[in-house]
Every structure is written in C-alpha cells, then in structure tokens.
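Structure file final_19.txt; described as compact mmCIF, C-alpha atoms.
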# COMPACT_ATOMS: atom_id res chain seq x y z
CA MET A 1 91.03 113.08 74.48
CA SER A 2 89.17 116.34 75.01
CA THR A 3 85.82 117.12 73.45
CA LYS A 4 83.57 120.14 73.29
CA PRO A 5 81.61 120.61 76.55
CA ILE A 6 77.99 119.45 76.55
CA THR A 7 75.26 121.63 78.01
CA ILE A 8 73.33 120.45 81.05
CA HIS A 9 70.14 120.29 78.95
CA ALA A 10 71.82 118.06 76.34
CA ALA A 11 73.37 115.91 79.07
CA LYS A 12 69.95 115.32 80.62
CA SER A 13 68.53 114.34 77.24
CA HIS A 14 71.40 111.98 76.34
CA LEU A 15 72.65 110.73 79.72
CA SER A 16 72.63 107.02 78.80
CA ARG A 17 74.75 107.65 75.70
CA LEU A 18 77.14 109.89 77.62
CA ILE A 19 77.64 107.20 80.27
CA VAL A 20 78.53 104.64 77.58
CA ARG A 21 81.02 107.08 76.02
CA ALA A 22 82.60 107.88 79.41
CA CYS A 23 82.95 104.18 80.23
CA ALA A 24 84.69 103.71 76.88
CA GLY A 25 87.33 106.24 77.99
CA GLU A 26 86.05 109.42 76.37
CA GLU A 27 86.30 112.62 78.41
CA ILE A 28 82.81 114.05 78.91
CA VAL A 29 82.59 117.62 80.20
CA ILE A 30 79.24 119.15 81.12
CA ALA A 31 78.88 122.93 81.09
CA ARG A 32 76.48 125.43 82.57
CA GLY A 33 76.20 127.93 79.76
CA LYS A 34 79.76 128.17 78.43
CA GLN A 35 81.41 127.41 81.78
CA PRO A 36 82.55 123.75 82.23
CA VAL A 37 81.39 122.55 85.66
CA VAL A 38 81.50 118.72 85.73
CA ARG A 39 83.55 115.89 84.24
CA LEU A 40 81.74 112.56 83.80
CA VAL A 41 84.05 109.65 84.65
CA PRO A 42 83.36 105.97 85.31
CA ILE A 43 83.85 104.77 88.88
CA THR A 44 85.98 101.81 87.77
CA ALA A 45 88.50 104.17 86.22
CA THR A 46 89.26 105.78 89.56
CA GLU A 47 89.31 102.73 91.83
CA PRO A 48 90.11 99.38 90.27
CA ARG A 49 88.80 96.58 92.45
CA ARG A 50 91.04 93.68 93.36
CA ARG A 51 89.56 90.20 93.14
CA PHE A 52 90.34 87.68 95.86
CA GLY A 53 92.24 84.75 94.42
CA SER A 54 93.27 86.51 91.21
CA MET A 55 96.89 85.35 91.65
CA LYS A 56 95.93 81.69 92.16
CA GLY A 57 98.28 79.49 90.15
CA ARG A 58 100.60 82.39 89.26
CA ALA A 59 102.88 82.31 92.30
CA THR A 60 104.74 79.43 93.89
CA VAL A 61 105.65 79.15 97.57
CA THR A 62 108.37 76.63 98.36
CA GLU A 63 108.83 74.84 101.69
CA ALA A 64 111.81 77.15 102.41
CA PHE A 65 109.29 79.98 102.88
CA PHE A 66 108.31 78.43 106.21
CA ASP A 67 111.89 78.01 107.51
CA PRO A 68 112.81 80.18 110.52
CA LEU A 69 114.50 83.47 109.65
CA THR A 70 118.20 83.92 110.32
CA ALA A 71 119.38 86.53 112.84
CA GLU A 72 120.48 88.71 109.92
CA ASP A 73 117.04 88.46 108.29
CA LEU A 74 115.34 89.35 111.57
CA GLU A 75 117.52 92.45 111.94
CA GLY A 76 116.49 93.52 108.46
CA TRP A 77 112.84 93.30 109.51
CA GLY A 78 113.40 95.39 112.62
CA GLY A 79 113.97 92.83 115.29

Render the structure in this file as structure tokens.
Amino acid sequence: MSTKPITIHAAKSHLSRLIVRACAGEEIVIARGKQPVVRLVPITATEPRRRFGSMKGRATVTEAFFDPLTAEDLEGWGG
C-alpha cells in the first residue's frame, strides 16, 4: 500500500498521526523536497518478540521422550 510521500515539515507537524498510521500497516514515506528519504515503520513489524511460555498447554511430551536414544538415532544426531 503505497501513498504519496509526506514532506519533512508536514511529518514534523503530524508525527503522532503518522505513527498511528504506520502501526496500522500503512506505508509512510517522508521526502526532502520531492526526493523520498525515509520510510516510517513500526519496530514490532520488523522483529516480532517471542513470549516465554506462549506454547504452554499446546504441546504434549510423553514419557517416551525421556527414553535413551537407539544407536541408529544417535548416528542421525552425529554421534
């Protein structure tokens, strides 16, 4: 979703609104004169953060998980 570039002056005047729009997924391009120079993107869009314990209750580990590996299994894991 591409939009018309916004001038630096307009970006300074409307920064809060531009941040909200960028966080909503809109592409915000800031230009110096007519030359686009910066793209405003939310940090969460580039690096999703994993939460500890987010898989709790979704996976099951049986007692067989703790059994010793066979010789064939060990070879598959490199020794």

**Message:** Taking 2 positions as the minimum chain separation for residues in the same chain, which residues sit within 9 Å of Cys23 (chain A) when counting all atoms listed in the file? Answer as a ChimeraX atom specification.
**Reply:** /A:18-21,25-26,41-45

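For the residues A:Ser13, A:Ile8, A:Glu27, A:Thr60, ranking by smallest atom-to-atom distance to Arg39 (chain A) using all atoms listed in the file places A:Glu27 first.
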
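Candidate residues A:Ile6, A:Ala24, A:Val61, A:Arg50 were compared for distance to Val37 (chain A), and the nearest is A:Ile6, using all atoms listed in the file.
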
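Nearest to Arg17 (chain A) of all the residues A:Gln35, A:Leu40, A:Thr62, A:Asp67 is A:Leu40, based on all atoms listed in the file.
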
The distance between CA of Ala31 (chain A) and CA of Thr7 (chain A) is 4.9 Å

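CA of Pro5 (chain A) sits 6.6 Å away from CA of Pro36 (chain A).
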